Amino acid sequence: MTHRTTSQTGITPTDAAFPDVPEADIAEVRATIIDWFATAERPLPWRDPETTAWAVLVSEIMSQQTPVARVEPRWRAWMAKWPTPADLAAAPTAEVLHSWDRLGYPRRALRLQEAARVIAEERDNRVPETAAELETLPGIGSYTAAAVASFAHGQRTTVLDTNVRRVLIRVFAGRDRPSTSPSRRETQWAEQFVPAVDHVRWNAGVMEFGALVCTARSPKCDDCPLAEVCAWNRSGRPTSATKPKTQKWAGTDRQLRGAIMDVLKARHEETLDEAADDRHDGVPFDLLTAPTAALDEDMVESLGTATSAKLRRMRDLSANAERIARLAGDLVSDGLAARHGDRLSLPR
DNA sequence: AAATCGGGGGT
DNA sequence: ACCCCAGATTT
């Protein structure tokens with residue numbers, strides 16, 4: 001017998017991992033979440049009706065893998081400095097990275113500026129409105145594209161971040177946490193929960209609910225308005241297998257790059273100071289007096305895909321890069337250099 | 001599918 | 001110490 005259960009549309013096949021859900025349950029959860037959101041919503045500045053689409057986009061990029069509470073002050077300063085895509089597009093990359101400071105994943109700052117340049121130069125400084133168009137921009141994947149299309153443009157999209165995935169998996173599938181990354185099947189499954197109307201408030205509300213109530217670590221099930229409907233709660237909140245261990249920090253490429261960034265950002269500040277004083281005559285060229293343009297290249301080189309092999313290449317090919325590598329090595333000498341001699345080869 | 005990419009704060 | 005955070009991109 002081959003009869004598989006199908007959803008009411010007859011289009012989406014289902015399995016035990018992503019089961020069919022009665023329409024009555026979906027309706028109840030939608031209403032509960034939207035009502036809860038109306039009373040519990042955090043007053044995040046990018047939710048202000050006056051906020052531009054570009055400002056929403058910036059908030060989403062900054063929020064990738066970064067707690068919203070940490071993003072908020074940084075977003076305010078960033079938007080005050082570069083209010084439009086054209087403003088960011090015209091900024092020196094060194095200044096962009098310096099302003100990004102320690103938000104983490106500095107490659108996001110580079111992609112954001114690349115996206116700003118595309119929008120400014122090819123799209124008349126206007127943020128695309130559809131998720132498909134947004135996803136063609138650098139640094140914008142499926143989540144960010146859906147979020148910007150929904151929150152900035154009111155489009156009906158399926159916003160599937162870590163919060164939404166956790167809520168849906170618990171409430172409708174009875175498991176404690178989603179897989180590492182969403183499958184195509186999961187995305188299709190999640191689409192059915194997005195209502196035809198109020199989809200923006202659903203998207204924002206279910207995300208907020210995951211951030212404030214249905215949290216990963218200590219979910220507030222005792223005070224949860226979905227406790228009676230939630231499949232996970234009803235089945236006793238079983239826990240699944242442990243996730244793979246998180247990557248080490250000490251002694252890795254990431255730590256070295258962080259040290260390099262610290263050096264370069266400090267030198268960048270000194271460069272700006274000296275430029276203001278107009279007294280860098282006769283000072284030999286080194287990292288302390290390198291012009292901003294040179295720092296641009298070096299800072300970019302030290303980011304993202306710069307592997308330890310690449311750093312070795314930098315040291316060999318560029319006198320300036322050699323100084324950077326040496327400075328970075330000095331900075332972490334107690335850790336990396338001590339364990340690996342004078343090489344910048346690092347453990348994985 | 002698995003690796004890689006930062007940094008900080010909560011537990 | 002370990003886990004998690006409004007993920008994206010490369011291998």
# chains A, B, ... in the order shown; residues from 1 in each chain; ligands from 1
call {"tool": "interface_residues", "arguments": {"of": "chain B", "to": "chain A", "cutoff": "8 Å", "atoms": "only C-alpha atoms (C1' of nucleotides)", "output": "PyMOL selection string"}}
result
chain B and resi 5-7
call {"tool": "closest_atom_pairs", "arguments": {"of": "segment 101-205 of chain A", "to": "segment 53-59 of chain A", "cutoff": "7 Å", "atoms": "only C-alpha atoms", "output": "CSV"}}
result
residue,atom,partner,partner_atom,distance
A:Val127,CA,A:Trp54,CA,6.2
A:Val148,CA,A:Leu57,CA,5.9
A:Ala152,CA,A:Ala53,CA,4.9
call {"tool": "interface_residues", "arguments": {"of": "chain A", "to": "chain C", "cutoff": "9 Å", "atoms": "only C-alpha atoms (C1' of nucleotides)", "output": "PDB file with N, CA and C atoms, in the first residue's frame"}}
result
ATOM      1  N   SER A  59      19.812  46.106  10.115  1.00  0.00           N
ATOM      2  CA  SER A  59      19.528  45.442  11.393  1.00  0.00           C
ATOM      3  C   SER A  59      19.558  43.924  11.238  1.00  0.00           C
ATOM      4  N   GLU A  60      19.091  43.428  10.120  1.00  0.00           N
ATOM      5  CA  GLU A  60      19.082  41.981   9.907  1.00  0.00           C
ATOM      6  C   GLU A  60      20.492  41.436   9.720  1.00  0.00           C
ATOM      7  N   ILE A  61      21.319  42.154   8.992  1.00  0.00           N
ATOM      8  CA  ILE A  61      22.697  41.707   8.812  1.00  0.00           C
ATOM      9  C   ILE A  61      23.423  41.694  10.157  1.00  0.00           C
ATOM     10  N   SER A  63      22.198  41.331  12.993  1.00  0.00           N
ATOM     11  CA  SER A  63      21.600  40.373  13.930  1.00  0.00           C
ATOM     12  C   SER A  63      21.921  38.924  13.588  1.00  0.00           C
ATOM     13  N   GLN A  64      22.581  38.694  12.438  1.00  0.00           N
ATOM     14  CA  GLN A  64      22.943  37.319  12.096  1.00  0.00           C
ATOM     15  C   GLN A  64      23.898  36.755  13.152  1.00  0.00           C
ATOM     16  N   GLN A  65      23.451  35.730  13.835  1.00  0.00           N
ATOM     17  CA  GLN A  65      24.271  35.065  14.859  1.00  0.00           C
ATOM     18  C   GLN A  65      24.712  36.024  15.955  1.00  0.00           C
ATOM     19  N   THR A  66      23.912  37.045  16.199  1.00  0.00           N
ATOM     20  CA  THR A  66      24.278  38.043  17.194  1.00  0.00           C
ATOM     21  C   THR A  66      23.040  38.465  17.982  1.00  0.00           C
ATOM     22  N   PRO A  67      23.082  38.397  19.317  1.00  0.00           N
ATOM     23  CA  PRO A  67      21.919  38.761  20.124  1.00  0.00           C
ATOM     24  C   PRO A  67      21.451  40.184  19.834  1.00  0.00           C
ATOM     25  N   VAL A  68      20.151  40.342  19.718  1.00  0.00           N
ATOM     26  CA  VAL A  68      19.565  41.627  19.360  1.00  0.00           C
ATOM     27  C   VAL A  68      19.945  42.723  20.353  1.00  0.00           C
ATOM     28  N   GLY A 139      25.859  38.575   1.067  1.00  0.00           N
ATOM     29  CA  GLY A 139      25.609  38.488   2.502  1.00  0.00           C
ATOM     30  C   GLY A 139      24.169  38.265   2.876  1.00  0.00           C
ATOM     31  N   ILE A 140      23.281  38.207   1.889  1.00  0.00           N
ATOM     32  CA  ILE A 140      21.863  38.000   2.159  1.00  0.00           C
ATOM     33  C   ILE A 140      21.458  36.613   1.689  1.00  0.00           C
ATOM     34  N   GLY A 141      21.093  35.765   2.644  1.00  0.00           N
ATOM     35  CA  GLY A 141      20.649  34.417   2.343  1.00  0.00           C
ATOM     36  C   GLY A 141      19.144  34.301   2.479  1.00  0.00           C
ATOM     37  N   SER A 142      18.668  33.088   2.646  1.00  0.00           N
ATOM     38  CA  SER A 142      17.221  32.859   2.620  1.00  0.00           C
ATOM     39  C   SER A 142      16.519  33.537   3.789  1.00  0.00           C
ATOM     40  N   TYR A 143      17.120  33.450   4.985  1.00  0.00           N
ATOM     41  CA  TYR A 143      16.466  34.077   6.127  1.00  0.00           C
ATOM     42  C   TYR A 143      16.382  35.597   5.958  1.00  0.00           C
ATOM     43  N   THR A 144      17.520  36.230   5.728  1.00  0.00           N
ATOM     44  CA  THR A 144      17.564  37.696   5.667  1.00  0.00           C
ATOM     45  C   THR A 144      16.697  38.224   4.533  1.00  0.00           C
ATOM     46  N   ALA A 147      13.138  38.020   5.705  1.00  0.00           N
ATOM     47  CA  ALA A 147      12.888  38.964   6.793  1.00  0.00           C
ATOM     48  C   ALA A 147      12.761  40.392   6.267  1.00  0.00           C
ATOM     49  N   ASP A 161      14.083  31.812  10.987  1.00  0.00           N
ATOM     50  CA  ASP A 161      15.336  31.945  11.723  1.00  0.00           C
ATOM     51  C   ASP A 161      15.380  30.875  12.814  1.00  0.00           C
ATOM     52  N   THR A 162      16.401  30.937  13.649  1.00  0.00           N
ATOM     53  CA  THR A 162      16.562  29.898  14.660  1.00  0.00           C
ATOM     54  C   THR A 162      15.413  29.912  15.668  1.00  0.00           C
ATOM     55  N   ASN A 163      14.854  31.103  15.939  1.00  0.00           N
ATOM     56  CA  ASN A 163      13.735  31.194  16.876  1.00  0.00           C
ATOM     57  C   ASN A 163      12.472  30.562  16.298  1.00  0.00           C
ATOM     58  N   MET A 207       8.889  34.928  15.891  1.00  0.00           N
ATOM     59  CA  MET A 207      10.322  35.102  16.131  1.00  0.00           C
ATOM     60  C   MET A 207      10.570  35.654  17.532  1.00  0.00           C
ATOM     61  N   GLU A 208       9.795  36.661  17.878  1.00  0.00           N
ATOM     62  CA  GLU A 208       9.917  37.249  19.213  1.00  0.00           C
ATOM     63  C   GLU A 208       9.567  36.223  20.296  1.00  0.00           C
ATOM     64  N   ALA A 211      12.394  34.124  20.983  1.00  0.00           N
ATOM     65  CA  ALA A 211      13.482  34.842  21.650  1.00  0.00           C
ATOM     66  C   ALA A 211      13.182  35.089  23.124  1.00  0.00           C
ATOM     67  N   ALA A 216      15.930  28.610  23.741  1.00  0.00           N
ATOM     68  CA  ALA A 216      16.683  27.364  23.564  1.00  0.00           C
ATOM     69  C   ALA A 216      17.081  26.769  24.911  1.00  0.00           C
ATOM     70  N   ARG A 217      17.567  27.607  25.802  1.00  0.00           N
ATOM     71  CA  ARG A 217      18.164  27.108  27.039  1.00  0.00           C
ATOM     72  C   ARG A 217      17.142  26.804  28.137  1.00  0.00           C
ATOM     73  N   LYS A 245      30.298  19.490  19.369  1.00  0.00           N
ATOM     74  CA  LYS A 245      30.945  20.491  20.207  1.00  0.00           C
ATOM     75  C   LYS A 245      31.282  21.757  19.420  1.00  0.00           C
ATOM     76  N   THR A 246      31.205  22.848  20.127  1.00  0.00           N
ATOM     77  CA  THR A 246      31.523  24.106  19.463  1.00  0.00           C
ATOM     78  C   THR A 246      33.026  24.213  19.235  1.00  0.00           C
TER      79      THR A 246
END
call {"tool": "residues_around", "arguments": {"residues": "Asn125 of chain A", "least_positions_apart": "6", "cutoff": "9 Å", "atoms": "only C-alpha atoms (C1' of nucleotides)", "output": "list in words"}}
result
Thr84, Pro85, Ala86, Ala116, Arg117, Val118 and Ile119 of chain A
call {"tool": "write_last_selection", "arguments": {"atoms": "N, CA, C and O atoms", "output": "PDB file, in the first residue's frame"}}
result
ATOM      1  N   THR A  84      21.965  55.888   4.371  1.00  0.00           N
ATOM      2  CA  THR A  84      21.471  55.294   3.120  1.00  0.00           C
ATOM      3  C   THR A  84      22.521  54.374   2.511  1.00  0.00           C
ATOM      4  O   THR A  84      23.706  54.447   2.870  1.00  0.00           O
ATOM      5  N   PRO A  85      22.119  53.516   1.576  1.00  0.00           N
ATOM      6  CA  PRO A  85      23.093  52.666   0.891  1.00  0.00           C
ATOM      7  C   PRO A  85      24.222  53.480   0.261  1.00  0.00           C
ATOM      8  O   PRO A  85      25.392  53.091   0.347  1.00  0.00           O
ATOM      9  N   ALA A  86      23.896  54.608  -0.341  1.00  0.00           N
ATOM     10  CA  ALA A  86      24.933  55.418  -0.996  1.00  0.00           C
ATOM     11  C   ALA A  86      25.962  55.928   0.007  1.00  0.00           C
ATOM     12  O   ALA A  86      27.155  56.012  -0.309  1.00  0.00           O
ATOM     13  N   ALA A 116      25.503  47.484  -0.326  1.00  0.00           N
ATOM     14  CA  ALA A 116      25.172  48.906  -0.425  1.00  0.00           C
ATOM     15  C   ALA A 116      25.595  49.455  -1.781  1.00  0.00           C
ATOM     16  O   ALA A 116      24.876  50.264  -2.388  1.00  0.00           O
ATOM     17  N   ARG A 117      26.738  48.999  -2.279  1.00  0.00           N
ATOM     18  CA  ARG A 117      27.219  49.502  -3.568  1.00  0.00           C
ATOM     19  C   ARG A 117      26.345  49.009  -4.706  1.00  0.00           C
ATOM     20  O   ARG A 117      26.040  49.759  -5.637  1.00  0.00           O
ATOM     21  N   VAL A 118      25.912  47.766  -4.626  1.00  0.00           N
ATOM     22  CA  VAL A 118      25.004  47.246  -5.657  1.00  0.00           C
ATOM     23  C   VAL A 118      23.699  48.030  -5.652  1.00  0.00           C
ATOM     24  O   VAL A 118      23.187  48.448  -6.705  1.00  0.00           O
ATOM     25  N   ILE A 119      23.156  48.236  -4.451  1.00  0.00           N
ATOM     26  CA  ILE A 119      21.877  48.943  -4.352  1.00  0.00           C
ATOM     27  C   ILE A 119      22.022  50.384  -4.831  1.00  0.00           C
ATOM     28  O   ILE A 119      21.167  50.913  -5.546  1.00  0.00           O
TER      29      ILE A 119
END
